[in-house]
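Data block for entry-v5.cif (mmCIF, C-alpha atoms):
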data_start
#
loop_
_atom_site.label_atom_id
_atom_site.label_comp_id
_atom_site.auth_asym_id
_atom_site.auth_seq_id
_atom_site.Cartn_x
_atom_site.Cartn_y
_atom_site.Cartn_z
CA MET O 1 0.00 0.00 0.00
CA SER O 2 1.21 3.37 -0.84
CA THR O 3 2.53 5.54 1.95
CA ILE O 4 0.96 8.57 0.26
CA ARG O 5 -2.67 9.55 0.63
CA MET O 6 -4.07 12.51 -1.29
CA ARG O 7 -7.24 14.52 -1.36
CA ILE O 8 -7.64 16.90 -4.26
CA SER O 9 -10.36 19.54 -4.45
CA PRO O 10 -10.62 21.57 -7.68
CA ALA O 11 -11.44 25.27 -7.14
CA GLY O 12 -11.46 27.28 -10.36
CA ASP O 13 -8.11 26.86 -12.09
CA VAL O 14 -6.41 25.70 -8.90
CA LEU O 15 -6.25 22.28 -7.29
CA ASP O 16 -6.13 22.23 -3.53
CA VAL O 17 -3.97 19.19 -2.73
CA LYS O 18 -3.85 17.76 0.78
CA ALA O 19 -1.37 14.93 1.24
CA LEU O 20 -0.55 12.72 4.19
CA ILE O 21 2.54 10.54 4.02
CA ARG O 22 3.11 7.63 6.37
CA HIS O 23 6.71 7.99 7.57
CA PRO O 24 8.40 7.92 11.02
CA MET O 25 10.58 11.04 10.35
CA GLU O 26 13.17 9.86 12.89
CA THR O 27 15.40 12.77 13.93
CA GLY O 28 18.36 10.64 15.00
CA ASN O 29 18.14 12.17 18.50
CA ARG O 30 15.68 9.67 19.93
CA GLU O 31 16.74 6.67 21.99
CA ASP O 32 15.21 3.23 21.85
CA LYS O 33 13.99 2.93 25.46
CA SER O 34 14.50 -0.85 25.64
CA THR O 35 18.10 -0.88 24.39
CA GLY O 36 19.23 2.67 25.20
CA GLU O 37 20.63 2.98 21.70
CA LYS O 38 20.01 5.91 19.40
CA ILE O 39 17.49 5.34 16.65
CA PRO O 40 19.22 6.36 13.40
CA ALA O 41 17.89 9.36 11.50
CA ASN O 42 15.35 8.38 8.88
CA PHE O 43 13.44 11.25 7.31
CA ILE O 44 12.09 12.40 3.97
CA GLN O 45 14.44 14.82 2.22
CA LYS O 46 12.92 15.35 -1.20
CA LEU O 47 9.23 15.84 -1.87
CA MET O 48 8.25 16.45 -5.48
CA VAL O 49 4.85 17.38 -6.86
CA SER O 50 3.86 17.37 -10.51
CA VAL O 51 0.64 17.93 -12.44
CA ASN O 52 0.16 15.89 -15.63
CA GLY O 53 3.87 15.05 -15.53
CA GLU O 54 4.98 18.69 -15.28
CA GLN O 55 6.84 19.49 -12.05
CA VAL O 56 5.20 22.30 -10.06
CA MET O 57 7.03 22.01 -6.74
CA ASP O 58 10.36 20.69 -5.49
CA GLY O 59 10.39 20.43 -1.72
CA ASN O 60 13.29 19.85 0.67
CA LEU O 61 12.35 18.60 4.12
CA SER O 62 14.34 18.12 7.31
CA GLU O 63 13.92 16.05 10.44
CA ALA O 64 12.03 19.03 11.92
CA VAL O 65 8.96 18.11 9.89
CA SER O 66 6.55 16.13 12.07
CA LYS O 67 6.09 12.37 11.90
CA ASN O 68 3.67 11.32 9.15
CA PRO O 69 4.18 14.57 7.18
CA TYR O 70 1.12 16.54 6.16
CA LEU O 71 1.28 18.91 3.23
CA ASN O 72 -1.36 21.21 1.83
CA ILE O 73 -0.48 23.06 -1.37
CA LYS O 74 -2.26 24.76 -4.23
CA VAL O 75 -1.25 23.83 -7.75
CA PRO O 76 -2.53 24.88 -11.18
CA GLY O 77 -4.97 22.44 -12.72
CA ALA O 78 -8.57 21.44 -13.24
CA LYS O 79 -10.80 18.44 -12.61
CA GLY O 80 -9.37 15.36 -14.33
CA ASP O 81 -5.72 16.46 -14.14
CA GLU O 82 -3.32 13.97 -12.59
CA VAL O 83 -1.33 14.97 -9.52
CA THR O 84 1.80 12.98 -8.71
CA ILE O 85 3.61 13.17 -5.39
CA SER O 86 6.91 11.40 -4.79
CA TRP O 87 9.37 11.34 -1.91
CA THR O 88 12.89 10.13 -1.19
CA SER O 89 14.36 9.72 2.28
CA ASN O 90 17.90 10.13 3.58
CA THR O 91 18.09 6.34 3.73
CA GLY O 92 17.40 6.08 0.00
CA GLU O 93 13.83 4.81 0.28
CA SER O 94 11.18 6.33 -1.93
CA ASP O 95 7.54 6.17 -2.91
CA GLU O 96 5.23 7.74 -5.46
CA ALA O 97 1.49 8.12 -5.94
CA THR O 98 -0.66 9.58 -8.69
CA GLN O 99 -4.27 10.59 -8.40
CA ALA O 100 -6.72 12.30 -10.74
CA ALA O 101 -8.49 15.40 -9.46
CA MET D 102 14.93 23.33 -23.03
CA GLN D 103 18.30 25.04 -22.73
CA THR D 104 17.87 25.60 -19.03
CA LYS D 105 16.90 21.97 -18.49
CA ARG D 106 20.01 20.84 -20.31
CA ARG D 107 22.10 23.13 -18.10
CA VAL D 108 20.50 21.73 -14.95
CA PHE D 109 21.10 18.21 -16.21
CA LEU D 110 24.74 18.92 -16.93
CA LYS D 111 25.28 20.50 -13.54
CA GLY D 112 23.46 17.65 -11.84
CA SER D 113 25.47 14.95 -13.57
CA LEU D 114 28.74 16.74 -12.86
CA ALA D 115 27.86 17.03 -9.19
CA ALA D 116 26.76 13.40 -9.13
CA SER D 117 29.97 12.14 -10.65
CA ALA D 118 32.05 14.26 -8.28
CA ALA D 119 30.08 12.85 -5.37
CA GLY D 120 30.54 9.35 -6.74
CA LEU D 121 34.29 9.80 -6.89
CA ALA D 122 34.36 11.13 -3.35
CA VAL D 123 32.43 8.11 -2.10
CA GLY D 124 34.75 5.79 -3.99
CA ALA D 125 37.67 7.40 -2.22
CA GLY D 126 35.89 6.92 1.10
CA LEU D 127 35.64 10.64 1.71
CA LEU D 128 31.91 10.90 2.17
CA SER D 129 29.29 8.97 4.08
CA PRO D 130 26.26 7.88 2.03
CA ARG D 131 24.16 10.56 3.69
CA ALA D 132 26.33 13.34 2.32
CA VAL D 133 25.98 11.99 -1.22
CA LEU D 134 22.44 13.29 -1.39
CA ALA D 135 23.89 16.76 -1.00
CA ALA D 136 24.02 16.95 -4.79
CA GLU D 137 20.29 17.67 -4.70
CA TRP D 138 19.21 18.21 -1.12
CA PRO D 139 20.83 21.45 0.26
CA SER D 140 22.56 19.75 3.19
CA ALA D 141 24.77 22.74 4.06
CA ALA D 142 21.65 24.85 4.64
CA PHE D 143 19.89 22.13 6.60
CA ASP D 144 22.97 21.42 8.75
CA SER D 145 23.51 25.11 9.61
CA GLU D 146 23.06 25.78 13.31
CA SER D 147 22.32 29.49 12.98
CA MET D 148 19.48 31.02 11.04
CA ASP D 149 21.71 33.58 9.27
CA ASN D 150 24.00 30.84 8.10
CA ALA D 151 21.09 28.67 6.92
CA LEU D 152 19.62 31.64 5.05
CA SER D 153 22.78 32.41 3.14
CA GLU D 154 23.42 28.73 2.38
CA LEU D 155 19.90 28.32 1.02
CA PHE D 156 19.32 31.63 -0.76
CA GLY D 157 22.88 32.83 -1.28
CA SER D 158 22.06 35.92 0.77
CA GLY D 159 21.14 36.75 4.33
CA ASP D 160 19.59 40.07 3.42
CA VAL D 161 15.90 39.72 4.31
CA ALA D 162 13.25 42.45 4.54
CA ASP D 163 10.15 42.22 6.73
CA SER D 164 6.99 42.03 4.68
CA GLY D 165 3.32 42.39 5.48
CA ASP D 166 2.48 40.47 2.33
CA ILE D 167 3.57 37.16 3.85
CA THR D 168 1.14 35.43 6.16
CA VAL D 169 2.42 32.99 8.76
CA LYS D 170 -0.37 31.07 10.38
CA ALA D 171 0.44 29.05 13.49
CA PRO D 172 -1.18 28.50 16.89
CA ASP D 173 -0.46 30.99 19.74
CA ILE D 174 0.20 28.07 22.06
CA ALA D 175 1.30 24.60 21.01
CA GLU D 176 1.00 22.04 23.79
CA ASN D 177 3.00 19.50 21.83
CA GLY D 178 6.08 20.84 20.05
CA ALA D 179 6.26 17.64 18.01
CA VAL D 180 3.25 18.64 15.92
CA VAL D 181 2.81 22.36 15.24
CA PRO D 182 0.60 23.21 12.25
CA VAL D 183 2.12 26.01 10.18
CA THR D 184 0.88 27.77 7.04
CA ILE D 185 2.98 30.18 5.00
CA GLU D 186 1.36 32.19 2.23
CA SER D 187 2.81 34.97 0.11
CA ALA D 188 0.96 37.67 -1.83
CA ILE D 189 4.20 38.97 -3.38
CA ALA D 190 4.39 38.65 -7.18
CA ASP D 191 6.86 36.10 -8.58
CA SER D 192 7.32 34.29 -5.28
CA ASN D 193 9.31 31.26 -6.37
CA LYS D 194 10.70 29.82 -3.17
CA VAL D 195 9.22 29.47 0.29
CA ALA D 196 11.19 28.32 3.32
CA ILE D 197 10.22 27.69 6.95
CA PHE D 198 12.62 28.48 9.78
CA VAL D 199 12.49 27.98 13.55
CA SER D 200 15.53 29.91 14.81
CA LYS D 201 16.04 28.11 18.15
CA ASN D 202 15.76 24.59 16.76
CA PRO D 203 19.11 22.73 16.66
CA THR D 204 19.07 23.30 12.89
CA PRO D 205 16.77 26.26 12.10
CA LEU D 206 15.83 25.37 8.52
CA VAL D 207 12.72 23.18 8.63
CA ALA D 208 11.80 22.93 4.97
CA SER D 209 12.09 24.77 1.69
CA PHE D 210 9.91 24.58 -1.39
CA ASP D 211 10.93 25.59 -4.90
CA LEU D 212 7.83 26.58 -6.83
CA SER D 213 7.57 26.06 -10.56
CA GLY D 214 3.85 26.56 -11.00
CA ALA D 215 2.46 25.85 -7.54
CA ASN D 216 1.01 28.83 -5.65
CA PRO D 217 3.14 30.41 -2.89
CA PHE D 218 1.12 28.59 -0.27
CA VAL D 219 2.43 25.79 1.95
CA SER D 220 0.77 24.26 4.95
CA THR D 221 2.46 21.52 6.97
CA ARG D 222 3.20 20.31 10.49
CA ILE D 223 6.57 20.89 12.10
CA ARG D 224 8.59 20.17 15.25
CA MET D 225 9.62 22.97 17.62
CA GLY D 226 12.10 22.58 20.48
CA GLU D 227 10.87 25.50 22.57
CA THR D 228 8.86 28.72 22.51
CA ASP D 229 10.07 30.55 19.44
CA ASN D 230 9.21 32.39 16.25
CA VAL D 231 8.17 30.50 13.17
CA THR D 232 9.56 32.46 10.23
CA GLY D 233 8.49 32.18 6.63
CA VAL D 234 11.03 33.43 4.11
CA VAL D 235 10.03 34.02 0.51
CA ASN D 236 12.23 34.66 -2.51
CA ALA D 237 10.49 36.89 -5.05
CA GLY D 238 12.30 38.37 -8.02
CA GLY D 239 15.70 37.76 -6.44
CA LYS D 240 14.82 39.54 -3.18
CA LEU D 241 14.08 37.96 0.19
CA TYR D 242 11.10 38.76 2.37
CA LYS D 243 10.04 37.37 5.72
CA ALA D 244 7.33 37.33 8.33
CA SER D 245 7.21 35.65 11.74
CA LYS D 246 4.74 34.44 14.29
CA GLU D 247 5.52 33.47 17.88
CA VAL D 248 4.40 30.07 19.12
CA LYS D 249 4.52 29.21 22.82
CA VAL D 250 5.58 25.61 23.14
CA THR D 251 4.64 23.69 26.28
CA ILE D 252 6.51 20.43 25.59
CA GLY D 253 9.38 20.54 23.11
CA GLY D 254 9.30 18.19 20.17
CA CYS D 255 12.89 17.81 19.08
CA GLY D 256 14.61 15.52 21.55
CA GLY D 257 13.90 12.11 23.06
#
Just give me the structure as structure tokens.
Amino acid sequence: MSTIRMRISPAGDVLDVKALIRHPMETGNREDKSTGEKIPANFIQKLMVSVNGEQVMDGNLSEAVSKNPYLNIKVPGAKGDEVTISWTSNTGESDEATQAA
Amino acid sequence: MQTKRRVFLKGSLAASAAGLAVGAGLLSPRAVLAAEWPSAAFDSESMDNALSELFGSGDVADSGDITVKAPDIAENGAVVPVTIESAIADSNKVAIFVSKNPTPLVASFDLSGANPFVSTRIRMGETDNVTGVVNAGGKLYKASKEVKVTIGGCGG
């Protein structure tokens, strides 16, 4: 199952995109309480958004973005256009999801 | 087309340089991503430093045309909802800073079509200003909003 959930509401020539990504966003400062060892940093660094294959936003995130990142943006587009969101983490993991408005 | 080719060339040069450095054991895998992700800006421990690493300039003017929406009091610093919106023409980059966090730069967004509007949820270590910085036409503008944090959200 994709880690990315999207809700897109068209309003005129703008799409209001709300996205929720399932990700721990580990800062690297937290300790595992049972072992006392630090949990390594694991957070999303790149977050890209495109509409119909055309990139509209290139986001850089840090470990200061909350766990399970939420993002609300407004992109150009109309009903039927396809919004794609993709992410890559500092550990090299990635995911992508596309949804029609 | 020309600009894309330029970006591609720069990107591949940076990537090959990074690859060589890794081969020589100079860099950890995390640093390799620096070719794209602005790690120098994100690793900066002062806001001025992070600003100049990210935008190439620390010269920022206060602006009433940027709206920073955040709660007056956040009980849990681990989840603080923040919205930055700019009414300045040609806003092409929006960044979020929390100056007292261990690394003040929280996130930055390069806009190539999307509106200068970003809403997300961030971590804050203590009571502090949330600052939105916007690049518009090569100039930097900012606006801030204070958030009182009851329990910090950065550490263990």
Item to complete: Could you check which of D:Lys246, D:Asn230, D:Lys240, D:Ala215 is closest to Ser50 in chain O, using all atoms listed in the file?
Response: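 Answer, going by the shortest atom-to-atom distance: D:Ala215.
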Hey, what comes out of the PyMOL selection byres ((chain D) within 8 of (chain O)) on this file? Could you write it as a PDB file with C-alpha atoms, keeping the file's coordinate frame?
ATOM      1  CA  ARG D 131      24.160  10.560   3.690  1.00  0.00           C
ATOM      2  CA  LEU D 134      22.440  13.290  -1.390  1.00  0.00           C
ATOM      3  CA  TRP D 138      19.210  18.210  -1.120  1.00  0.00           C
ATOM      4  CA  PRO D 139      20.830  21.450   0.260  1.00  0.00           C
ATOM      5  CA  PHE D 143      19.890  22.130   6.600  1.00  0.00           C
ATOM      6  CA  ALA D 179       6.260  17.640  18.010  1.00  0.00           C
ATOM      7  CA  VAL D 180       3.250  18.640  15.920  1.00  0.00           C
ATOM      8  CA  VAL D 181       2.810  22.360  15.240  1.00  0.00           C
ATOM      9  CA  LEU D 206      15.830  25.370   8.520  1.00  0.00           C
ATOM     10  CA  VAL D 207      12.720  23.180   8.630  1.00  0.00           C
ATOM     11  CA  ALA D 208      11.800  22.930   4.970  1.00  0.00           C
ATOM     12  CA  SER D 209      12.090  24.770   1.690  1.00  0.00           C
ATOM     13  CA  PHE D 210       9.910  24.580  -1.390  1.00  0.00           C
ATOM     14  CA  ASP D 211      10.930  25.590  -4.900  1.00  0.00           C
ATOM     15  CA  LEU D 212       7.830  26.580  -6.830  1.00  0.00           C
ATOM     16  CA  SER D 213       7.570  26.060 -10.560  1.00  0.00           C
ATOM     17  CA  GLY D 214       3.850  26.560 -11.000  1.00  0.00           C
ATOM     18  CA  ALA D 215       2.460  25.850  -7.540  1.00  0.00           C
ATOM     19  CA  ASN D 216       1.010  28.830  -5.650  1.00  0.00           C
ATOM     20  CA  PRO D 217       3.140  30.410  -2.890  1.00  0.00           C
ATOM     21  CA  PHE D 218       1.120  28.590  -0.270  1.00  0.00           C
ATOM     22  CA  VAL D 219       2.430  25.790   1.950  1.00  0.00           C
ATOM     23  CA  SER D 220       0.770  24.260   4.950  1.00  0.00           C
ATOM     24  CA  THR D 221       2.460  21.520   6.970  1.00  0.00           C
ATOM     25  CA  ARG D 222       3.200  20.310  10.490  1.00  0.00           C
ATOM     26  CA  ILE D 223       6.570  20.890  12.100  1.00  0.00           C
ATOM     27  CA  ARG D 224       8.590  20.170  15.250  1.00  0.00           C
ATOM     28  CA  MET D 225       9.620  22.970  17.620  1.00  0.00           C
ATOM     29  CA  CYS D 255      12.890  17.810  19.080  1.00  0.00           C
ATOM     30  CA  GLY D 256      14.610  15.520  21.550  1.00  0.00           C
ATOM     31  CA  GLY D 257      13.900  12.110  23.060  1.00  0.00           C
TER      32      GLY D 257
END
Discussion item. Quick check, in Å to one decimal: how far apart do CA of Lys249 in chain D and CA of Pro172 in chain D lie?
Written reply: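 Calculated distance between CA of Lys249 in chain D and CA of Pro172 in chain D is 8.3 Å.
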Discussion item. Quick check, in Å to one decimal: how far apart do CA of Ala162 in chain D and CA of Val235 in chain D lie?
Written reply: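 Answer for the CA of Ala162 in chain D to CA of Val235 in chain D separation: 9.9 Å.
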Discussion item. Evaluate the PyMOL selection byres ((chain O and resi 95) around 10) against this structure - the residues, as a ChimeraX atom specification, please.
Written reply: /O:2-4,21,47,85-89,93-94,96-97
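Compared by their closest atoms to Glu154 in chain D, and using all atoms listed in the file, the residues D:Lys243, D:Ala188, D:Ile252, D:Ala141 rank with D:Ala141 nearest.
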Worksheet item: What is the distance, in Å and to one decimal place, between CA of Phe43 in chain O and CA of Val199 in chain D?
Response: 17.9 Å
Worksheet item: With all atoms listed in the file as the atoms that count, which of D:Gly226, D:Glu146, D:Ala190, D:Thr232 lies nearest to Glu176 in chain D?
Response: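 Closest to Glu176 in chain D, using all atoms listed in the file: D:Gly226.
Shortest atom-to-atom contact with Val234 in chain D among D:Val195, D:Ala142, D:Leu152, D:Val169: D:Val195, counting all atoms listed in the file.
Checking O:Gln99, O:Ile44, O:Thr35, O:Pro10 one by one against Arg22 in chain O, counting all atoms listed in the file, you find the shortest gap at O:Ile44.
Distance annotation: of D:Lys201, D:Leu241, D:Gly254, D:Asp173, the residue with the minimal separation from Ser153 in chain D is D:Leu241; atom set is only C-alpha atoms.
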Practice prompt. Would you list the contacts of Ala100 in chain O as a list in words, taking every protein, DNA or RNA residue within 9 Å and counting only C-alpha atoms, but skipping same-chain residues closer than 6 positions in sequence?
Written response: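 With the cut-off at 9 Å, the set is Ile8, Lys79, Gly80, Asp81, Glu82, Val83 and Thr84 of chain O.
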Assuming 4 Å of padding per side, give the centre and edge lengths of the axis-aligned box around every listed atom of range 229-235 of chain D, in Å to one decimal and as lines of an AutoDock Vina configuration file.
center_x = 9.6
center_y = 32.3
center_z = 10.0
size_x = 10.9
size_y = 11.5
size_z = 26.9
